[in-house]
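**Q** One structure is given below, represented as structure tokens, and several questions about it will come after.
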Amino acid sequence: MTKVDELLLETIEGLLADHCSPEQVGAAEGGMDAKLWAALTESGLSAVGVAESAGGSGGTLQDAAAIAKAAGRHAAPVPLTETSLIAGWICEQAGLQLPEGPLAVACVEESGRARRVPWAPVAANVVVVGSGGVAVIPADGVVDAGTAGTNYAGEPYADVAASAPGGGPRLSPALVRARGALARSLLMAGALGQAVDLSVLYATEREQFGRPIGKFQVLQQYLAEMAAEAATAEAAADNAVDVIAAGAPEEEVLRIVGAAKAVNGRAAGIINRLAHQIHGAIGFTDEHRLQYSTRRLWSWRDEYGTEAEWAAVLGSSLCRASGEALWPALTSWPPAGAA
């Protein structure tokens with residue numbers, strides 16, 4: 001991925017480290033951390049990647065991606081990627097101004113309803129995408145409080161009943177879903193790295209039979225497999241960011257995001273299993289940070305499409321790129337011979 005400014009990375013890492021202790025993350029379950037959101041807003045980090053002309057903080061997609069991975073690494077209990085990477089992009093594409101406050105995104109069906117919309121109960125506004133176009137609507141009037149719940153990580157969701165006005169700007173529903181899958185892939189890449197780091201630390205510090213458990217060959221194998229899976233998952237997410245930033249067409253965006261979501265989903269299953277085997281019972285306790293990462297991974301792998309669903313999208317796309325076009329489609333973008 002294109003290099004990101006070191007000052008930006010230091011700023012977001014420091015801010016999240018100050019606000020995302022296990023106690024703070026646990027206390028925010030079922031809602032969001034208002035103090036963390038205020039700090040992100042004050043520093044301009046809640047709208048990075050959205051053009052200033054659209055009400056954002058400016059910056060590149062790579063900048064926004066780096067912030068998303070940091071949010072995943074720290075299990076930040078706020079709708080950061082929902083606001084910047086998804087809603088911000090939608091508003092920018094539709095020629096709308098990004099509203100203030102935390103946002104949710106609802107892709108409504110023909111019935112005018114979107115189900116289990118992440119972060120809807122705590123959103124100030126909902127960006128509604130439908131066949132009629134795109135609209136920004138105050139959350140109070142469209143979020144169905146009777147359907148509110150939380151995912152496995154304690155992040156809130158609820159149904160949204162609304163429809164975008166006819167004649168407004170329109171976006172491809174497939175691209176909107178892909179944008180959500182990209183955001184989840186980046187969050188997962190950060191959380192996967194955190195699960196690996198915590199496992200390495202625990203294996204180094206925890207002793208059994210007079211030596212660190214990380215000295216045992218089977219656990220060394222576990223850690224090596226986890227590190228390889230995390231590196232592959234992050235590379236897939238970063239590659240998707242670079243391809244999208246380069247202006248890829250919709251078919252290629254769906255293909256590259258499908259690969260990223262499928263790879264991160266697969267890695268989540270492997271790393272979660274091995275991380276908890278290494279940690280034993282302590283990894284499930286409220287006091288330990290690991291479960292805040294692994295519970296999010298279990299939740300995020302299913303949001304905006306599972307790895308199986310995106311693998312099907314990827315497979316269908318590659319089948320269409322048959323013959324001589326198949327190998328370039330598998331290995332590079334722009335495809336060989338393209339202008």
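Going by the structure tokens order, chains are called A, B, ..., each with residues numbered from 1, while ligands are numbered from 1 in the order shown.
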Could you give me the residues within range 30-91 of chain A that DSSP places in alpha helix (DSSP H), as a compact mmCIF listing (two decimals) with all heavy atoms, in the first residue's frame?

**A**
# COMPACT_ATOMS: atom_id res chain seq x y z
N ALA A 34 -18.54 7.91 23.57
CA ALA A 34 -18.75 9.30 23.15
C ALA A 34 -17.47 10.12 23.30
O ALA A 34 -17.20 11.02 22.49
CB ALA A 34 -19.88 9.92 23.96
N LYS A 35 -16.67 9.83 24.33
CA LYS A 35 -15.43 10.59 24.53
C LYS A 35 -14.44 10.30 23.40
O LYS A 35 -13.76 11.21 22.91
CB LYS A 35 -14.82 10.24 25.88
CG LYS A 35 -15.60 10.77 27.07
CD LYS A 35 -14.90 10.44 28.37
CE LYS A 35 -15.66 11.01 29.56
NZ LYS A 35 -15.00 10.68 30.86
N LEU A 36 -14.35 9.05 22.99
CA LEU A 36 -13.47 8.70 21.88
C LEU A 36 -13.94 9.37 20.60
O LEU A 36 -13.13 9.92 19.84
CB LEU A 36 -13.41 7.19 21.70
CG LEU A 36 -12.68 6.68 20.45
CD1 LEU A 36 -11.25 7.19 20.40
CD2 LEU A 36 -12.72 5.15 20.40
N TRP A 37 -15.24 9.36 20.36
CA TRP A 37 -15.75 9.99 19.15
C TRP A 37 -15.46 11.49 19.15
O TRP A 37 -15.09 12.05 18.12
CB TRP A 37 -17.25 9.74 18.98
CG TRP A 37 -17.76 10.31 17.70
CD1 TRP A 37 -18.42 11.48 17.50
CD2 TRP A 37 -17.55 9.74 16.40
NE1 TRP A 37 -18.66 11.68 16.17
CE2 TRP A 37 -18.14 10.63 15.47
CE3 TRP A 37 -16.95 8.57 15.94
CZ2 TRP A 37 -18.14 10.38 14.10
CZ3 TRP A 37 -16.94 8.33 14.58
CH2 TRP A 37 -17.53 9.23 13.67
N ALA A 38 -15.64 12.12 20.29
CA ALA A 38 -15.36 13.56 20.39
C ALA A 38 -13.89 13.84 20.09
O ALA A 38 -13.55 14.82 19.41
CB ALA A 38 -15.74 14.07 21.78
N ALA A 39 -13.00 12.98 20.58
CA ALA A 39 -11.57 13.18 20.34
C ALA A 39 -11.24 12.98 18.87
O ALA A 39 -10.43 13.72 18.30
CB ALA A 39 -10.77 12.20 21.20
N LEU A 40 -11.86 12.00 18.23
CA LEU A 40 -11.64 11.76 16.80
C LEU A 40 -12.16 12.92 15.97
O LEU A 40 -11.52 13.35 15.00
CB LEU A 40 -12.33 10.46 16.37
CG LEU A 40 -11.70 9.16 16.87
CD1 LEU A 40 -12.66 7.99 16.68
CD2 LEU A 40 -10.38 8.89 16.16
N THR A 41 -13.30 13.46 16.35
CA THR A 41 -13.89 14.58 15.62
C THR A 41 -13.04 15.84 15.78
O THR A 41 -12.78 16.55 14.81
CB THR A 41 -15.32 14.85 16.11
OG1 THR A 41 -16.12 13.67 15.92
CG2 THR A 41 -15.95 15.99 15.34
N GLU A 42 -12.62 16.10 17.01
CA GLU A 42 -11.83 17.30 17.27
C GLU A 42 -10.52 17.28 16.50
O GLU A 42 -10.04 18.33 16.03
CB GLU A 42 -11.56 17.41 18.78
CG GLU A 42 -10.80 18.67 19.18
CD GLU A 42 -10.57 18.76 20.67
OE1 GLU A 42 -11.12 17.91 21.41
OE2 GLU A 42 -9.85 19.68 21.10
N LEU A 61 -7.35 7.70 0.21
CA LEU A 61 -7.97 6.45 0.63
C LEU A 61 -6.99 5.63 1.46
O LEU A 61 -7.39 4.96 2.41
CB LEU A 61 -8.43 5.65 -0.60
CG LEU A 61 -9.06 4.29 -0.34
CD1 LEU A 61 -10.28 4.41 0.56
CD2 LEU A 61 -9.43 3.61 -1.65
N GLN A 62 -5.72 5.70 1.12
CA GLN A 62 -4.71 4.98 1.90
C GLN A 62 -4.62 5.52 3.33
O GLN A 62 -4.42 4.74 4.28
CB GLN A 62 -3.34 5.08 1.22
CG GLN A 62 -3.20 4.19 -0.01
CD GLN A 62 -3.70 4.87 -1.28
OE1 GLN A 62 -4.28 5.95 -1.23
NE2 GLN A 62 -3.47 4.24 -2.43
N ASP A 63 -4.79 6.83 3.49
CA ASP A 63 -4.80 7.41 4.84
C ASP A 63 -5.98 6.86 5.64
O ASP A 63 -5.84 6.47 6.81
CB ASP A 63 -4.91 8.93 4.77
CG ASP A 63 -3.68 9.60 4.18
OD1 ASP A 63 -2.58 9.01 4.27
OD2 ASP A 63 -3.82 10.70 3.61
N ALA A 64 -7.15 6.85 5.02
CA ALA A 64 -8.35 6.34 5.69
C ALA A 64 -8.20 4.86 6.01
O ALA A 64 -8.66 4.39 7.07
CB ALA A 64 -9.58 6.57 4.81
N ALA A 65 -7.55 4.11 5.12
CA ALA A 65 -7.35 2.68 5.35
C ALA A 65 -6.44 2.45 6.54
O ALA A 65 -6.67 1.54 7.36
CB ALA A 65 -6.77 2.04 4.09
N ALA A 66 -5.38 3.25 6.68
CA ALA A 66 -4.47 3.10 7.81
C ALA A 66 -5.19 3.38 9.13
O ALA A 66 -4.97 2.69 10.13
CB ALA A 66 -3.29 4.06 7.65
N ILE A 67 -6.08 4.36 9.12
CA ILE A 67 -6.87 4.66 10.33
C ILE A 67 -7.82 3.52 10.63
O ILE A 67 -8.01 3.14 11.80
CB ILE A 67 -7.62 5.99 10.14
CG1 ILE A 67 -6.63 7.16 10.11
CG2 ILE A 67 -8.66 6.19 11.24
CD1 ILE A 67 -7.26 8.50 9.77
N ALA A 68 -8.42 2.93 9.60
CA ALA A 68 -9.34 1.81 9.80
C ALA A 68 -8.62 0.62 10.42
O ALA A 68 -9.15 -0.04 11.33
CB ALA A 68 -9.98 1.42 8.47
N LYS A 69 -7.42 0.32 9.93
CA LYS A 69 -6.67 -0.80 10.50
C LYS A 69 -6.31 -0.53 11.96
O LYS A 69 -6.35 -1.44 12.80
CB LYS A 69 -5.43 -1.08 9.66
CG LYS A 69 -5.73 -1.72 8.32
CD LYS A 69 -4.49 -2.24 7.62
CE LYS A 69 -3.58 -1.13 7.16
NZ LYS A 69 -2.42 -1.66 6.40
N ALA A 70 -5.97 0.72 12.27
CA ALA A 70 -5.68 1.07 13.66
C ALA A 70 -6.92 0.91 14.53
O ALA A 70 -6.84 0.41 15.66
CB ALA A 70 -5.16 2.51 13.74
N ALA A 71 -8.08 1.29 14.01
CA ALA A 71 -9.32 1.13 14.75
C ALA A 71 -9.62 -0.34 15.02
O ALA A 71 -10.07 -0.72 16.10
CB ALA A 71 -10.48 1.77 13.99
N GLY A 72 -9.35 -1.19 14.04
CA GLY A 72 -9.54 -2.62 14.23
C GLY A 72 -8.56 -3.18 15.23
O GLY A 72 -8.91 -4.04 16.05
N ARG A 73 -7.33 -2.71 15.19
CA ARG A 73 -6.30 -3.19 16.10
C ARG A 73 -6.65 -2.86 17.55
O ARG A 73 -6.40 -3.64 18.46
CB ARG A 73 -4.95 -2.57 15.71
CG ARG A 73 -3.76 -3.10 16.44
CD ARG A 73 -2.47 -2.83 15.68
NE ARG A 73 -2.34 -1.44 15.23
CZ ARG A 73 -2.42 -1.05 13.95
NH1 ARG A 73 -2.64 -1.93 12.99
NH2 ARG A 73 -2.26 0.22 13.63
N HIS A 74 -7.22 -1.68 17.78
CA HIS A 74 -7.54 -1.24 19.14
C HIS A 74 -8.98 -1.54 19.54
O HIS A 74 -9.39 -1.18 20.65
CB HIS A 74 -7.29 0.26 19.27
CG HIS A 74 -5.84 0.63 19.24
ND1 HIS A 74 -5.06 0.66 20.37
CD2 HIS A 74 -5.01 0.96 18.21
CE1 HIS A 74 -3.81 1.00 20.05
NE2 HIS A 74 -3.76 1.20 18.74
N LEU A 80 -16.36 4.47 13.20
CA LEU A 80 -15.38 5.27 12.47
C LEU A 80 -15.38 4.95 10.99
O LEU A 80 -15.47 5.85 10.14
CB LEU A 80 -13.99 5.05 13.07
CG LEU A 80 -12.83 5.84 12.44
CD1 LEU A 80 -13.12 7.33 12.46
CD2 LEU A 80 -11.53 5.53 13.19
N THR A 81 -15.26 3.68 10.63
CA THR A 81 -15.24 3.34 9.20
C THR A 81 -16.61 3.53 8.56
O THR A 81 -16.71 3.83 7.38
CB THR A 81 -14.77 1.89 8.98
OG1 THR A 81 -15.65 0.99 9.66
CG2 THR A 81 -13.35 1.70 9.48
N TRP A 89 -17.69 8.25 1.58
CA TRP A 89 -17.53 7.96 0.15
C TRP A 89 -18.86 8.10 -0.59
O TRP A 89 -18.93 8.67 -1.69
CB TRP A 89 -16.97 6.56 -0.03
CG TRP A 89 -16.96 6.08 -1.44
CD1 TRP A 89 -16.07 6.41 -2.42
CD2 TRP A 89 -17.91 5.19 -2.05
NE1 TRP A 89 -16.39 5.78 -3.60
CE2 TRP A 89 -17.52 5.03 -3.41
CE3 TRP A 89 -19.04 4.51 -1.60
CZ2 TRP A 89 -18.22 4.22 -4.29
CZ3 TRP A 89 -19.74 3.70 -2.48
CH2 TRP A 89 -19.32 3.57 -3.80
N ILE A 90 -19.94 7.60 0.01
CA ILE A 90 -21.26 7.70 -0.62
C ILE A 90 -21.65 9.16 -0.81
O ILE A 90 -22.10 9.57 -1.89
CB ILE A 90 -22.32 6.96 0.23
CG1 ILE A 90 -22.07 5.45 0.20
CG2 ILE A 90 -23.73 7.26 -0.29
CD1 ILE A 90 -22.94 4.67 1.17
N CYS A 91 -21.49 9.96 0.23
CA CYS A 91 -21.84 11.38 0.13
C CYS A 91 -21.01 12.08 -0.95
O CYS A 91 -21.53 12.87 -1.75
CB CYS A 91 -21.64 12.07 1.47
SG CYS A 91 -22.87 11.64 2.72

**Q** What are the DSSP strand (DSSP E or B) residues of range 103-312 of chain A, as a PyMOL selection string?

**A** chain A and resi 103-107+113-118+125-130+133-138+143-150+156-161+207-208+211-212

**Q** Of the residues A:Ala104, A:Cys20, A:Leu7, A:Ala325, which is the one nearest to Asp33 in chain A, using only C-alpha atoms?

**A**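 Using only C-alpha atoms, Asp33 in chain A sits closest to A:Cys20.
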
**Q** Give me, please, the distance in Å between CA of Gly59 in chain A and CA of Ala329 in chain A, quoted to one decimal.

**A**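 Result for CA of Gly59 in chain A versus CA of Ala329 in chain A: 29.1 Å, one decimal.
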
**Q** Which is closer to Ser316 in chain A than all the others in A:Ala178, A:Ala260, A:Ala158, A:Leu254, using only C-alpha atoms?

**A**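 Of A:Ala178, A:Ala260, A:Ala158, A:Leu254, the one nearest Ser316 in chain A, counting only C-alpha atoms, is A:Leu254.
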
**Q** If we count only C-alpha atoms, what is near Val134 in chain A at a cut-off of 7 Å, once residues fewer than 5 positions away on the same chain are taken out, given as a PDB file with C-alpha atoms, in the first residue's frame?

**A**
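Output file part-v1.pdb follows:
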ATOM      1  CA  ALA A  94     -23.546  11.541  -4.677  1.00  0.00           C
ATOM      2  CA  VAL A 128     -29.866   5.847   2.916  1.00  0.00           C
ATOM      3  CA  VAL A 129     -29.098   4.190  -0.405  1.00  0.00           C
ATOM      4  CA  ALA A 164     -34.276   7.737  -0.734  1.00  0.00           C
ATOM      5  CA  GLY A 168     -31.668  11.953  -6.668  1.00  0.00           C
ATOM      6  CA  PRO A 169     -28.122  10.779  -7.315  1.00  0.00           C
ATOM      7  CA  ARG A 170     -27.803   7.008  -7.646  1.00  0.00           C
TER       8      ARG A 170
END

**Q** Write out as a ChimeraX atom specification each polymer residue whose atoms come within 8 Å of range 285-290 of chain A, counting only C-alpha atoms; drop sequence neighbours fewer than 5 positions from it.

**A** /A:21-23,26,195,198

**Q** Could you save those same residues with N, CA, C and O atoms as a tab-separated table (two decimals), in the first residue's frame?

**A**
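Final output, out20.tsv:
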chain	number	residue	atom	x	y	z
A	21	SER	N	-8.54	1.09	26.26
A	21	SER	CA	-8.12	0.04	27.19
A	21	SER	C	-9.23	-1.02	27.24
A	21	SER	O	-10.37	-0.75	26.86
A	22	PRO	N	-8.92	-2.23	27.68
A	22	PRO	CA	-9.98	-3.25	27.79
A	22	PRO	C	-11.18	-2.77	28.61
A	22	PRO	O	-12.34	-3.07	28.26
A	23	GLU	N	-10.92	-1.99	29.67
A	23	GLU	CA	-12.01	-1.49	30.49
A	23	GLU	C	-12.89	-0.51	29.72
A	23	GLU	O	-14.13	-0.54	29.82
A	26	GLY	N	-14.84	-2.44	26.96
A	26	GLY	CA	-15.92	-3.22	27.56
A	26	GLY	C	-17.07	-2.35	28.04
A	26	GLY	O	-18.24	-2.71	27.87
A	195	ALA	N	-4.38	-9.85	17.37
A	195	ALA	CA	-4.49	-11.19	17.94
A	195	ALA	C	-3.16	-11.93	17.86
A	195	ALA	O	-2.78	-12.66	18.79
A	198	LEU	N	-0.73	-10.26	20.50
A	198	LEU	CA	-1.07	-10.68	21.86
A	198	LEU	C	-0.66	-12.12	22.12
A	198	LEU	O	-0.22	-12.46	23.23

**Q** Residues within 8 Å of Pro102 in chain A, please, as a VMD selection string. Count only C-alpha atoms; anything in the same chain fewer than 6 positions from it doesn't count.

**A** chain A and resid 37 78 to 80 83 122 to 125

**Q** Range 130-160 of chain A near range 97-101 of chain A within 12 Å: what's each residue's closest atom pair and its distance in Å to one decimal, counting only C-alpha atoms, ordered by chain then ascending residue number, as CSV?

**A**
residue,atom,partner,partner_atom,distance
A:Val134,CA,A:Gln97,CA,11.7
A:Ala135,CA,A:Gln97,CA,10.4
A:Val136,CA,A:Pro99,CA,7.9
A:Ile137,CA,A:Pro99,CA,9.7
A:Pro138,CA,A:Pro99,CA,9.7
A:Ala139,CA,A:Gly101,CA,11.0
